[in-house]
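Next up, data37.pdb (PDB, C-alpha atoms and all ligand atoms):
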```
ATOM      1  CA  MET A   1      40.882 -27.199 -25.727
ATOM      2  CA  SER A   2      43.759 -26.295 -23.454
ATOM      3  CA  THR A   3      44.240 -24.270 -20.293
ATOM      4  CA  THR A   4      44.492 -21.144 -22.412
ATOM      5  CA  ASP A   5      41.680 -21.919 -24.837
ATOM      6  CA  ASP A   6      39.998 -18.588 -25.411
ATOM      7  CA  SER A   7      37.249 -20.185 -27.486
ATOM      8  CA  LEU A   8      36.083 -22.173 -24.459
ATOM      9  CA  LEU A   9      35.900 -19.041 -22.335
ATOM     10  CA  ALA A  10      34.119 -17.242 -25.152
ATOM     11  CA  ASP A  11      31.560 -20.040 -25.309
ATOM     12  CA  MET A  12      30.865 -20.104 -21.596
ATOM     13  CA  GLY A  13      28.131 -17.507 -21.757
ATOM     14  CA  ALA A  14      26.271 -19.523 -24.372
ATOM     15  CA  LEU A  15      26.772 -22.714 -22.369
ATOM     16  CA  CYS A  16      25.354 -21.105 -19.230
ATOM     17  CA  SER A  17      22.355 -19.907 -21.232
ATOM     18  CA  ALA A  18      21.877 -23.433 -22.581
ATOM     19  CA  ILE A  19      21.727 -24.735 -19.009
ATOM     20  CA  ASP A  20      19.311 -22.033 -17.908
ATOM     21  CA  GLU A  21      17.033 -22.513 -20.896
ATOM     22  CA  ALA A  22      16.992 -26.331 -20.861
ATOM     23  CA  ASP A  23      13.815 -28.027 -19.709
ATOM     24  CA  ALA A  24      15.690 -31.296 -19.299
ATOM     25  CA  ILE A  25      19.382 -32.218 -19.105
ATOM     26  CA  LEU A  26      20.539 -35.706 -20.048
ATOM     27  CA  ILE A  27      24.097 -36.418 -18.891
ATOM     28  CA  GLY A  28      26.203 -39.131 -20.502
ATOM     29  CA  ALA A  29      29.560 -40.146 -19.081
ATOM     30  CA  GLY A  30      32.322 -42.628 -19.817
ATOM     31  CA  ALA A  31      35.788 -43.499 -18.600
ATOM     32  CA  GLY A  32      37.142 -40.085 -19.611
ATOM     33  CA  LEU A  33      35.194 -38.351 -16.844
ATOM     34  CA  SER A  34      36.530 -40.732 -14.215
ATOM     35  CA  ALA A  35      40.031 -40.310 -15.650
ATOM     36  CA  ALA A  36      39.616 -36.583 -15.015
ATOM     37  CA  ALA A  37      38.724 -37.560 -11.432
ATOM     38  CA  GLY A  38      41.977 -39.511 -11.006
ATOM     39  CA  LEU A  39      40.600 -42.963 -11.834
ATOM     40  CA  LEU A  40      42.961 -43.880 -14.662
ATOM     41  CA  TYR A  41      42.159 -47.467 -15.559
ATOM     42  CA  MET A  42      44.881 -47.816 -18.219
ATOM     43  CA  ASP A  43      47.630 -45.926 -16.380
ATOM     44  CA  PHE A  44      50.792 -47.647 -15.123
ATOM     45  CA  THR A  45      51.574 -44.967 -12.535
ATOM     46  CA  THR A  46      48.117 -45.067 -10.955
ATOM     47  CA  PHE A  47      48.248 -48.836 -10.525
ATOM     48  CA  GLY A  48      51.844 -48.650  -9.320
ATOM     49  CA  ASN A  49      50.817 -46.155  -6.647
ATOM     50  CA  TRP A  50      47.780 -48.145  -5.519
ATOM     51  CA  LEU A  51      48.838 -51.767  -5.655
ATOM     52  CA  PRO A  52      52.597 -51.973  -6.411
ATOM     53  CA  GLU A  53      52.795 -55.430  -4.826
ATOM     54  CA  TYR A  54      50.556 -56.767  -7.603
ATOM     55  CA  HIS A  55      53.002 -55.571 -10.210
ATOM     56  CA  GLU A  56      55.873 -57.191  -8.355
ATOM     57  CA  LYS A  57      54.139 -60.546  -7.820
ATOM     58  CA  TYR A  58      51.937 -60.955 -10.920
ATOM     59  CA  GLY A  59      53.419 -58.464 -13.374
ATOM     60  CA  LEU A  60      50.163 -56.502 -13.558
ATOM     61  CA  ARG A  61      50.573 -52.986 -14.962
ATOM     62  CA  TYR A  62      47.227 -51.185 -14.890
ATOM     63  CA  ILE A  63      43.759 -51.520 -13.394
ATOM     64  CA  TYR A  64      41.980 -52.725 -16.515
ATOM     65  CA  GLU A  65      44.548 -55.473 -17.024
ATOM     66  CA  ALA A  66      44.221 -56.601 -13.405
ATOM     67  CA  ALA A  67      40.436 -56.689 -13.679
ATOM     68  CA  PHE A  68      40.681 -59.364 -16.381
ATOM     69  CA  PHE A  69      43.636 -61.290 -14.890
ATOM     70  CA  ASP A  70      43.158 -65.002 -14.268
ATOM     71  CA  PHE A  71      44.447 -65.408 -10.701
ATOM     72  CA  PRO A  72      45.968 -68.812  -9.850
ATOM     73  CA  SER A  73      43.499 -69.500  -7.033
ATOM     74  CA  ILE A  74      40.057 -68.427  -5.832
ATOM     75  CA  GLU A  75      41.622 -67.138  -2.620
ATOM     76  CA  GLU A  76      44.011 -64.894  -4.580
ATOM     77  CA  TYR A  77      41.168 -63.704  -6.837
ATOM     78  CA  TYR A  78      39.195 -62.441  -3.828
ATOM     79  CA  ALA A  79      42.246 -60.930  -2.173
ATOM     80  CA  TYR A  80      42.816 -58.856  -5.295
ATOM     81  CA  TRP A  81      39.181 -57.920  -5.817
ATOM     82  CA  ALA A  82      38.713 -56.906  -2.193
ATOM     83  CA  ARG A  83      41.586 -54.444  -2.682
ATOM     84  CA  HIS A  84      40.325 -53.339  -6.113
ATOM     85  CA  ILE A  85      36.786 -52.631  -4.923
ATOM     86  CA  SER A  86      37.831 -51.057  -1.642
ATOM     87  CA  THR A  87      40.388 -48.782  -3.328
ATOM     88  CA  ILE A  88      38.361 -47.657  -6.332
ATOM     89  CA  ARG A  89      34.751 -47.792  -5.193
ATOM     90  CA  PHE A  90      34.951 -46.887  -1.518
ATOM     91  CA  ARG A  91      38.247 -45.182  -0.632
ATOM     92  CA  HIS A  92      38.894 -43.071  -3.734
ATOM     93  CA  PRO A  93      37.300 -39.690  -3.021
ATOM     94  CA  VAL A  94      34.752 -38.053  -5.261
ATOM     95  CA  GLY A  95      36.514 -36.177  -8.040
ATOM     96  CA  LYS A  96      36.164 -32.440  -8.573
ATOM     97  CA  PRO A  97      34.781 -32.871 -12.137
ATOM     98  CA  TYR A  98      31.804 -34.777 -10.718
ATOM     99  CA  LEU A  99      31.275 -32.156  -7.993
ATOM    100  CA  ASP A 100      31.477 -29.376 -10.587
ATOM    101  CA  LEU A 101      28.927 -31.143 -12.782
ATOM    102  CA  TYR A 102      26.614 -31.653  -9.821
ATOM    103  CA  SER A 103      26.848 -27.976  -8.874
ATOM    104  CA  ILE A 104      25.696 -27.081 -12.401
ATOM    105  CA  VAL A 105      22.673 -29.404 -12.614
ATOM    106  CA  LYS A 106      21.637 -30.185  -9.038
ATOM    107  CA  ASP A 107      18.564 -27.941  -8.986
ATOM    108  CA  ARG A 108      17.495 -28.822 -12.525
ATOM    109  CA  SER A 109      15.708 -31.691 -14.208
ATOM    110  CA  TYR A 110      18.502 -34.161 -15.012
ATOM    111  CA  PHE A 111      19.117 -37.831 -15.704
ATOM    112  CA  VAL A 112      22.470 -39.651 -15.904
ATOM    113  CA  LEU A 113      23.485 -42.503 -18.209
ATOM    114  CA  THR A 114      27.018 -43.766 -17.564
ATOM    115  CA  THR A 115      29.200 -46.732 -18.448
ATOM    116  CA  SER A 116      31.334 -46.150 -15.362
ATOM    117  CA  VAL A 117      31.000 -48.576 -12.449
ATOM    118  CA  ASP A 118      32.976 -46.633  -9.851
ATOM    119  CA  GLY A 119      30.142 -44.867  -8.005
ATOM    120  CA  GLN A 120      31.441 -41.323  -8.586
ATOM    121  CA  PHE A 121      28.014 -39.898  -9.471
ATOM    122  CA  ILE A 122      26.503 -41.192  -6.230
ATOM    123  CA  LYS A 123      29.453 -39.883  -4.199
ATOM    124  CA  ALA A 124      29.009 -36.449  -5.778
ATOM    125  CA  GLY A 125      25.392 -36.269  -4.601
ATOM    126  CA  PHE A 126      23.428 -37.164  -7.734
ATOM    127  CA  ASN A 127      20.045 -38.765  -7.012
ATOM    128  CA  PRO A 128      20.500 -42.565  -7.366
ATOM    129  CA  ASN A 129      16.980 -42.768  -8.842
ATOM    130  CA  ARG A 130      18.192 -40.626 -11.735
ATOM    131  CA  ILE A 131      21.357 -42.617 -12.537
ATOM    132  CA  CYS A 132      21.378 -45.492 -15.026
ATOM    133  CA  THR A 133      24.563 -47.642 -14.916
ATOM    134  CA  PRO A 134      23.972 -50.491 -17.388
ATOM    135  CA  GLN A 135      27.522 -51.858 -16.940
ATOM    136  CA  GLY A 136      27.004 -52.515 -13.213
ATOM    137  CA  ASP A 137      28.586 -51.154 -10.049
ATOM    138  CA  TYR A 138      31.725 -52.280  -8.164
ATOM    139  CA  GLY A 139      29.755 -51.770  -4.957
ATOM    140  CA  TYR A 140      27.662 -54.904  -5.470
ATOM    141  CA  PHE A 141      28.259 -58.637  -5.691
ATOM    142  CA  GLN A 142      26.063 -61.033  -7.643
ATOM    143  CA  CYS A 143      25.770 -64.812  -7.768
ATOM    144  CA  SER A 144      28.230 -66.174 -10.361
ATOM    145  CA  ARG A 145      25.746 -68.764 -11.723
ATOM    146  CA  PRO A 146      23.559 -66.611 -11.396
ATOM    147  CA  CYS A 147      20.652 -68.269  -9.550
ATOM    148  CA  SER A 148      18.747 -64.968  -9.118
ATOM    149  CA  ASN A 149      18.856 -61.318 -10.098
ATOM    150  CA  ASP A 150      19.675 -60.298  -6.522
ATOM    151  CA  LEU A 151      22.530 -57.865  -5.910
ATOM    152  CA  TYR A 152      24.446 -57.722  -2.621
ATOM    153  CA  PRO A 153      26.034 -54.483  -1.369
ATOM    154  CA  ASN A 154      29.639 -55.514  -0.748
ATOM    155  CA  GLN A 155      31.411 -52.803   1.252
ATOM    156  CA  GLU A 156      31.207 -54.696   4.546
ATOM    157  CA  ILE A 157      32.225 -57.952   2.842
ATOM    158  CA  VAL A 158      35.335 -56.538   1.159
ATOM    159  CA  GLU A 159      36.443 -54.614   4.249
ATOM    160  CA  SER A 160      36.006 -57.775   6.321
ATOM    161  CA  LEU A 161      38.096 -59.747   3.802
ATOM    162  CA  LEU A 162      40.822 -57.132   3.974
ATOM    163  CA  ALA A 163      40.764 -57.157   7.779
ATOM    164  CA  SER A 164      41.014 -60.944   7.902
ATOM    165  CA  MET A 165      44.163 -61.079   5.753
ATOM    166  CA  THR A 166      47.580 -60.877   7.345
ATOM    167  CA  SER A 167      49.732 -57.996   6.162
ATOM    168  CA  GLY A 168      51.269 -58.647   2.765
ATOM    169  CA  SER A 169      49.097 -61.679   2.063
ATOM    170  CA  PHE A 170      47.906 -62.340  -1.485
ATOM    171  CA  ALA A 171      45.127 -64.746  -0.509
ATOM    172  CA  ILE A 172      42.062 -64.708   1.672
ATOM    173  CA  ARG A 173      41.272 -67.667   3.937
ATOM    174  CA  SER A 174      39.270 -70.390   2.188
ATOM    175  CA  GLU A 175      36.552 -70.197   4.833
ATOM    176  CA  ASP A 176      36.032 -66.499   3.973
ATOM    177  CA  ILE A 177      35.220 -67.023   0.280
ATOM    178  CA  PRO A 178      32.013 -65.017  -0.352
ATOM    179  CA  ARG A 179      29.182 -67.287  -1.423
ATOM    180  CA  CYS A 180      25.645 -66.784  -2.688
ATOM    181  CA  PRO A 181      23.145 -66.977   0.184
ATOM    182  CA  HIS A 182      20.732 -68.919  -2.049
ATOM    183  CA  CYS A 183      22.866 -71.520  -3.851
ATOM    184  CA  ALA A 184      26.372 -71.203  -2.302
ATOM    185  CA  SER A 185      27.982 -70.457  -5.672
ATOM    186  CA  LEU A 186      30.782 -67.923  -5.636
ATOM    187  CA  LEU A 187      29.832 -64.252  -5.485
ATOM    188  CA  GLU A 188      31.533 -61.952  -7.964
ATOM    189  CA  PRO A 189      31.560 -58.228  -8.740
ATOM    190  CA  ASN A 190      28.424 -57.084 -10.563
ATOM    191  CA  ILE A 191      30.131 -55.697 -13.643
ATOM    192  CA  ARG A 192      29.532 -56.623 -17.266
ATOM    193  CA  LYS A 193      32.378 -59.017 -18.023
ATOM    194  CA  GLY A 194      30.549 -62.080 -19.294
ATOM    195  CA  SER A 195      27.208 -63.616 -20.198
ATOM    196  CA  ASN A 196      26.399 -64.278 -16.521
ATOM    197  CA  PHE A 197      26.212 -60.543 -15.726
ATOM    198  CA  VAL A 198      23.076 -59.729 -13.694
ATOM    199  CA  GLU A 199      21.792 -56.706 -15.571
ATOM    200  CA  SER A 200      18.076 -56.554 -14.821
ATOM    201  CA  PRO A 201      18.356 -54.280 -11.733
ATOM    202  CA  TRP A 202      20.116 -51.745 -13.952
ATOM    203  CA  MET A 203      17.886 -52.265 -17.000
ATOM    204  CA  GLU A 204      14.939 -51.292 -14.788
ATOM    205  CA  LYS A 205      16.236 -47.713 -14.989
ATOM    206  CA  TYR A 206      15.667 -47.518 -18.740
ATOM    207  CA  PRO A 207      11.884 -47.003 -18.486
ATOM    208  CA  ASP A 208      12.605 -44.054 -16.170
ATOM    209  CA  LEU A 209      15.099 -42.705 -18.687
ATOM    210  CA  ASN A 210      12.583 -43.129 -21.509
ATOM    211  CA  LYS A 211       9.882 -41.315 -19.511
ATOM    212  CA  PHE A 212      12.360 -38.533 -18.839
ATOM    213  CA  LEU A 213      13.004 -38.221 -22.574
ATOM    214  CA  GLU A 214       9.291 -38.367 -23.425
ATOM    215  CA  ARG A 215       8.585 -35.550 -20.973
ATOM    216  CA  SER A 216      11.354 -33.526 -22.602
ATOM    217  CA  GLY A 217       9.796 -33.980 -26.040
ATOM    218  CA  SER A 218       7.913 -30.706 -26.012
ATOM    219  CA  GLY A 219      10.721 -28.632 -24.501
ATOM    220  CA  LYS A 220      14.410 -27.940 -24.806
ATOM    221  CA  LEU A 221      16.661 -30.941 -24.198
ATOM    222  CA  LEU A 222      20.340 -30.451 -23.393
ATOM    223  CA  LEU A 223      22.625 -33.461 -23.833
ATOM    224  CA  LEU A 224      25.922 -33.227 -21.953
ATOM    225  CA  GLU A 225      28.394 -35.971 -22.838
ATOM    226  CA  PHE A 226      31.768 -36.367 -21.106
ATOM    227  CA  GLY A 227      34.629 -38.733 -21.881
ATOM    228  CA  VAL A 228      32.694 -41.309 -23.887
ATOM    229  CA  GLY A 229      34.960 -42.998 -26.419
ATOM    230  CA  PHE A 230      34.656 -46.057 -28.613
ATOM    231  CA  ASN A 231      35.029 -48.848 -26.048
ATOM    232  CA  THR A 232      31.251 -49.330 -25.715
ATOM    233  CA  PRO A 233      29.796 -46.535 -27.916
ATOM    234  CA  SER A 234      26.407 -48.238 -28.225
ATOM    235  CA  ILE A 235      25.539 -47.402 -24.611
ATOM    236  CA  VAL A 236      25.944 -43.610 -24.485
ATOM    237  CA  ARG A 237      27.683 -42.143 -27.530
ATOM    238  CA  TYR A 238      25.515 -43.474 -30.368
ATOM    239  CA  PRO A 239      22.196 -43.128 -28.502
ATOM    240  CA  PHE A 240      23.065 -39.513 -27.686
ATOM    241  CA  GLU A 241      23.726 -38.830 -31.358
ATOM    242  CA  ARG A 242      20.422 -40.439 -32.299
ATOM    243  CA  ILE A 243      18.521 -38.419 -29.709
ATOM    244  CA  ALA A 244      20.213 -35.230 -30.902
ATOM    245  CA  ALA A 245      19.263 -36.053 -34.492
ATOM    246  CA  THR A 246      15.602 -36.839 -33.758
ATOM    247  CA  HIS A 247      14.570 -34.595 -30.862
ATOM    248  CA  GLY A 248      12.697 -31.482 -31.911
ATOM    249  CA  ASP A 249      14.738 -29.005 -29.874
ATOM    250  CA  SER A 250      18.000 -30.372 -28.540
ATOM    251  CA  LEU A 251      21.634 -29.402 -28.197
ATOM    252  CA  LEU A 252      24.394 -32.002 -27.768
ATOM    253  CA  ILE A 253      27.567 -30.845 -26.047
ATOM    254  CA  ARG A 254      30.336 -33.423 -26.371
ATOM    255  CA  VAL A 255      33.526 -33.068 -24.340
ATOM    256  CA  ASN A 256      36.183 -35.598 -25.240
ATOM    257  CA  ARG A 257      39.961 -35.369 -25.157
ATOM    258  CA  ASP A 258      40.613 -37.910 -27.944
ATOM    259  CA  ASP A 259      37.332 -38.599 -29.787
ATOM    260  CA  ALA A 260      35.354 -35.377 -29.948
ATOM    261  CA  GLY A 261      34.067 -35.762 -33.501
ATOM    262  CA  ALA A 262      30.456 -36.754 -34.052
ATOM    263  CA  THR A 263      30.058 -39.743 -36.362
ATOM    264  CA  LEU A 264      26.426 -40.676 -36.918
ATOM    265  CA  ILE A 265      24.928 -37.261 -36.483
ATOM    266  CA  LYS A 266      22.755 -35.605 -39.118
ATOM    267  CA  ARG A 267      23.839 -32.225 -40.359
ATOM    268  CA  SER A 268      20.660 -30.682 -39.002
ATOM    269  CA  ALA A 269      21.353 -31.688 -35.414
ATOM    270  CA  ARG A 270      22.818 -29.098 -33.109
ATOM    271  CA  VAL A 271      26.137 -30.359 -31.804
ATOM    272  CA  LYS A 272      28.967 -28.552 -30.051
ATOM    273  CA  THR A 273      32.189 -30.454 -29.437
ATOM    274  CA  TYR A 274      35.178 -29.655 -27.245
ATOM    275  CA  ALA A 275      38.360 -31.660 -27.765
ATOM    276  CA  GLY A 276      39.801 -31.392 -24.307
ATOM    277  CA  ASP A 277      39.889 -32.541 -20.728
ATOM    278  CA  ALA A 278      36.493 -32.889 -19.044
ATOM    279  CA  GLY A 279      37.916 -31.735 -15.728
ATOM    280  CA  LEU A 280      39.117 -28.404 -17.106
ATOM    281  CA  PHE A 281      35.884 -27.908 -19.045
ATOM    282  CA  LEU A 282      33.696 -28.553 -15.996
ATOM    283  CA  ALA A 283      35.841 -26.418 -13.674
ATOM    284  CA  THR A 284      35.499 -23.483 -16.074
ATOM    285  CA  PHE A 285      31.808 -24.149 -16.617
ATOM    286  CA  ALA A 286      30.974 -24.457 -12.900
ATOM    287  CA  ALA A 287      32.935 -21.315 -12.022
ATOM    288  CA  THR A 288      31.139 -19.320 -14.717
ATOM    289  CA  MET A 289      27.751 -20.606 -13.596
ATOM    290  CA  ALA A 290      28.578 -19.660  -9.990
ATOM    291  CA  VAL A 291      29.471 -16.116 -11.039
ATOM    292  CA  ASN A 292      26.272 -15.806 -13.057
ATOM    293  CA  GLN A 293      24.253 -16.846 -10.017
ATOM    294  CA  ASN A 294      26.182 -14.480  -7.724
ATOM    295  CA  PRO A 295      26.523 -11.326  -9.814
ATOM    296  CA  LYS A 296      28.167  -9.360  -7.012
ATOM    297  CA  ARG A 297      31.270 -11.498  -7.414
ATOM    298  CA  SER A 298      33.774 -10.438 -10.004
ATOM    299  CA  TYR A 299      34.265 -12.461 -13.145
ATOM    300  CA  PRO A 300      37.209 -14.848 -12.745
ATOM    301  CA  SER A 301      40.244 -13.999 -14.816
ATOM    302  CA  ALA A 302      41.331 -16.486 -17.425
TER
HETATM  303 ZN    ZN A 401      23.221 -68.262  -6.337
END
```
Represent the supplied structure as structure tokens.
Ligand SMILES: [Zn+2]
Amino acid sequence: MSTTDDSLLADMGALCSAIDEADAILIGAGAGLSAAAGLLYMDFTTFGNWLPEYHEKYGLRYIYEAAFFDFPSIEEYYAYWARHISTIRFRHPVGKPYLDLYSIVKDRSYFVLTTSVDGQFIKAGFNPNRICTPQGDYGYFQCSRPCSNDLYPNQEIVESLLASMTSGSFAIRSEDIPRCPHCASLLEPNIRKGSNFVESPWMEKYPDLNKFLERSGSGKLLLLEFGVGFNTPSIVRYPFERIAATHGDSLLIRVNRDDAGATLIKRSARVKTYAGDAGLFLATFAATMAVNQNPKRSYPSA
């Protein structure tokens, strides 16, 4: 798929019909959708624009590398993570691909399953009760032990840490280290990085997802998958293929710049793949849907 892909435009009518006819829409999303929204976790330029001082001092080159970096002190660890969380989770605006997707499904029966932890679905307006994020969310801290399954919204904490640091500092004050209110262990971002990850608040969404799928069993199910590669394929990609292969009346639409091909799918399953950018796909899709809903407007030129 490219900006001049006629086959995508030719398919848009069928895609709009698939949306209109679906009784349920299950959305799956991975890092590729956030990349289309400007959150490029493996990109040198993005990191250089956001936190150039961390390249100069620690040699860090991209967000994903920084997220796994072993900082020399606890105070430096929190100084970095306060900037990381504030920049990515709270200050980065909602991306157009997420807004386009929301405009397509907002009045329909949908559920979201995503490996992303950057909060873009919530920012775009999706109902939090219909979003399952099994890898966590940058917007919460958890106890590092952990002594409980409690999660702590962290926006105020990270902004306070940033405010307490002098300009250009790479360390928070020791007295500001965020600690668990129950056991005083360190708090850390609630993202799946190790065996201490607090996952139960997110796993509680799976029964809702399963009920959603059960209800869809007698109708048409549309699976929309965006930017899900092979980093953690067992969370979205493979389950979507299994659902597509076993559901009585489903269509899987996979949009993926690098890994569009289905792998586990049975020949009988209905699958449509687009090897291209999710942002371009969703912009075209949303614009076509808007025209269909407002027939007095003229059809946009390619
Ligand atoms: Zn604790």
Mind running chain A against ligand ZN 401 (chain A) at 6 Å and telling me each contacting residue's nearest atom pair with the distance in Å (one decimal), counting all atoms listed in the file, chain and number ascending, as a tab-separated table?
```
residue	atom	partner	partner_atom	distance
A:Cys143	CA	A:ZN401	ZN	4.5
A:Arg145	CA	A:ZN401	ZN	6.0
A:Pro146	CA	A:ZN401	ZN	5.3
A:Cys147	CA	A:ZN401	ZN	4.1
A:Cys180	CA	A:ZN401	ZN	4.6
A:His182	CA	A:ZN401	ZN	5.0
A:Cys183	CA	A:ZN401	ZN	4.1
A:Ala184	CA	A:ZN401	ZN	5.9
A:Ser185	CA	A:ZN401	ZN	5.3
```
Please save C-alpha atoms of the selected residues as a compact mmCIF listing (two decimals), in the frame of the given file.
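Okay, this is what ended up in again.txt:
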```txt
# COMPACT_ATOMS: atom_id res chain seq x y z
CA CYS A 143 25.77 -64.81 -7.77
CA ARG A 145 25.75 -68.76 -11.72
CA PRO A 146 23.56 -66.61 -11.40
CA CYS A 147 20.65 -68.27 -9.55
CA CYS A 180 25.64 -66.78 -2.69
CA HIS A 182 20.73 -68.92 -2.05
CA CYS A 183 22.87 -71.52 -3.85
CA ALA A 184 26.37 -71.20 -2.30
CA SER A 185 27.98 -70.46 -5.67
```
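Shortest separation to A:Ala262 among A:Gly95, A:Gly32, A:Pro178, A:Gly229 occurs at residue A:Gly229, atoms counted being only C-alpha atoms.
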### Task
Please write the residues picked by the PyMOL selection byres (((chain A and resi 33) around 10) and not hetatm) on this file as a PyMOL selection string.
chain A and resi 28-32+34-40+95+97-98+114+116+120+225-228+255-256+277-279+282
What would the list of residues within 12 Å of (22.1, -29.1, -34.4) (file frame) look like as a PDB file with C-alpha atoms, in the coordinates of the input, if only C-alpha atoms are what count?
```pdb
ATOM      1  CA  LEU A 221      16.661 -30.941 -24.198  1.00  0.00           C
ATOM      2  CA  LEU A 222      20.340 -30.451 -23.393  1.00  0.00           C
ATOM      3  CA  LEU A 223      22.625 -33.461 -23.833  1.00  0.00           C
ATOM      4  CA  GLU A 241      23.726 -38.830 -31.358  1.00  0.00           C
ATOM      5  CA  ARG A 242      20.422 -40.439 -32.299  1.00  0.00           C
ATOM      6  CA  ILE A 243      18.521 -38.419 -29.709  1.00  0.00           C
ATOM      7  CA  ALA A 244      20.213 -35.230 -30.902  1.00  0.00           C
ATOM      8  CA  ALA A 245      19.263 -36.053 -34.492  1.00  0.00           C
ATOM      9  CA  THR A 246      15.602 -36.839 -33.758  1.00  0.00           C
ATOM     10  CA  HIS A 247      14.570 -34.595 -30.862  1.00  0.00           C
ATOM     11  CA  GLY A 248      12.697 -31.482 -31.911  1.00  0.00           C
ATOM     12  CA  ASP A 249      14.738 -29.005 -29.874  1.00  0.00           C
ATOM     13  CA  SER A 250      18.000 -30.372 -28.540  1.00  0.00           C
ATOM     14  CA  LEU A 251      21.634 -29.402 -28.197  1.00  0.00           C
ATOM     15  CA  LEU A 252      24.394 -32.002 -27.768  1.00  0.00           C
ATOM     16  CA  ILE A 253      27.567 -30.845 -26.047  1.00  0.00           C
ATOM     17  CA  ALA A 262      30.456 -36.754 -34.052  1.00  0.00           C
ATOM     18  CA  ILE A 265      24.928 -37.261 -36.483  1.00  0.00           C
ATOM     19  CA  LYS A 266      22.755 -35.605 -39.118  1.00  0.00           C
ATOM     20  CA  ARG A 267      23.839 -32.225 -40.359  1.00  0.00           C
ATOM     21  CA  SER A 268      20.660 -30.682 -39.002  1.00  0.00           C
ATOM     22  CA  ALA A 269      21.353 -31.688 -35.414  1.00  0.00           C
ATOM     23  CA  ARG A 270      22.818 -29.098 -33.109  1.00  0.00           C
ATOM     24  CA  VAL A 271      26.137 -30.359 -31.804  1.00  0.00           C
ATOM     25  CA  LYS A 272      28.967 -28.552 -30.051  1.00  0.00           C
ATOM     26  CA  THR A 273      32.189 -30.454 -29.437  1.00  0.00           C
TER      27      THR A 273
END
```
### Task
Work out how far apart atom CA of A:Leu8 and atom CA of A:Ser103 are and give it in Å to one decimal.
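Atom CA of A:Leu8 sits 19.0 Å away from atom CA of A:Ser103.
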### Task
Would you write out, as a count of residues only, every residue that the PyMOL selection byres (((chain A and resi 172) around 7) and not hetatm) captures in this file?
10
### Message
For a test of reading the model, state the distance in Å between atom CA of A:Ala260 and atom CA of A:Glu21, rounded to one decimal.
### Response
24.1 Å
Protein/DNA/RNA residues near (32.2, -49.4, -13.1), cut 12 Å, all atoms listed in the file, as a PDB file with C-alpha atoms, in the coordinates of the input:
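Output saved as out_34.pdb:
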```
ATOM      1  CA  ALA A  29      29.560 -40.146 -19.081  1.00  0.00           C
ATOM      2  CA  GLY A  30      32.322 -42.628 -19.817  1.00  0.00           C
ATOM      3  CA  ALA A  31      35.788 -43.499 -18.600  1.00  0.00           C
ATOM      4  CA  SER A  34      36.530 -40.732 -14.215  1.00  0.00           C
ATOM      5  CA  LEU A  39      40.600 -42.963 -11.834  1.00  0.00           C
ATOM      6  CA  TYR A  41      42.159 -47.467 -15.559  1.00  0.00           C
ATOM      7  CA  ILE A  63      43.759 -51.520 -13.394  1.00  0.00           C
ATOM      8  CA  TYR A  64      41.980 -52.725 -16.515  1.00  0.00           C
ATOM      9  CA  ALA A  67      40.436 -56.689 -13.679  1.00  0.00           C
ATOM     10  CA  HIS A  84      40.325 -53.339  -6.113  1.00  0.00           C
ATOM     11  CA  ILE A  85      36.786 -52.631  -4.923  1.00  0.00           C
ATOM     12  CA  ILE A  88      38.361 -47.657  -6.332  1.00  0.00           C
ATOM     13  CA  ARG A  89      34.751 -47.792  -5.193  1.00  0.00           C
ATOM     14  CA  THR A 114      27.018 -43.766 -17.564  1.00  0.00           C
ATOM     15  CA  THR A 115      29.200 -46.732 -18.448  1.00  0.00           C
ATOM     16  CA  SER A 116      31.334 -46.150 -15.362  1.00  0.00           C
ATOM     17  CA  VAL A 117      31.000 -48.576 -12.449  1.00  0.00           C
ATOM     18  CA  ASP A 118      32.976 -46.633  -9.851  1.00  0.00           C
ATOM     19  CA  GLY A 119      30.142 -44.867  -8.005  1.00  0.00           C
ATOM     20  CA  GLN A 120      31.441 -41.323  -8.586  1.00  0.00           C
ATOM     21  CA  PHE A 121      28.014 -39.898  -9.471  1.00  0.00           C
ATOM     22  CA  CYS A 132      21.378 -45.492 -15.026  1.00  0.00           C
ATOM     23  CA  THR A 133      24.563 -47.642 -14.916  1.00  0.00           C
ATOM     24  CA  PRO A 134      23.972 -50.491 -17.388  1.00  0.00           C
ATOM     25  CA  GLN A 135      27.522 -51.858 -16.940  1.00  0.00           C
ATOM     26  CA  GLY A 136      27.004 -52.515 -13.213  1.00  0.00           C
ATOM     27  CA  ASP A 137      28.586 -51.154 -10.049  1.00  0.00           C
ATOM     28  CA  TYR A 138      31.725 -52.280  -8.164  1.00  0.00           C
ATOM     29  CA  GLY A 139      29.755 -51.770  -4.957  1.00  0.00           C
ATOM     30  CA  TYR A 140      27.662 -54.904  -5.470  1.00  0.00           C
ATOM     31  CA  PRO A 189      31.560 -58.228  -8.740  1.00  0.00           C
ATOM     32  CA  ASN A 190      28.424 -57.084 -10.563  1.00  0.00           C
ATOM     33  CA  ILE A 191      30.131 -55.697 -13.643  1.00  0.00           C
ATOM     34  CA  ARG A 192      29.532 -56.623 -17.266  1.00  0.00           C
ATOM     35  CA  LYS A 193      32.378 -59.017 -18.023  1.00  0.00           C
TER      36      LYS A 193
END
```
### Summary
Closest of A:Ser169, A:Thr263, A:Trp81, A:Gly219 to A:Phe240, counting all atoms listed in the file, is A:Thr263
### Task
Enter the distance from atom CA of A:Gly276 to atom CA of A:Ala14, in Å, rounded to one decimal.
18.0 Å
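Distances from A:Asn129, A:Ser216, A:Gln293, A:Ser144 to A:Ala22 were compared using only C-alpha atoms, and the smallest one belongs to A:Ser216.
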### Query
Using all atoms listed in the file, which of the listed residues (A:Ala10, A:Thr46, A:Val94, A:Val158) sits closest to A:Tyr80?
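Smallest separation from A:Tyr80 among the options: A:Val158.
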### Task
Name the residues that the PyMOL selection byres (((chain A and resi 26) around 7) and not hetatm) picks from the file above, as number ranges by chain, using the file's chain letters and numbers.
A: 24-25, 27-28, 110-112, 222-224
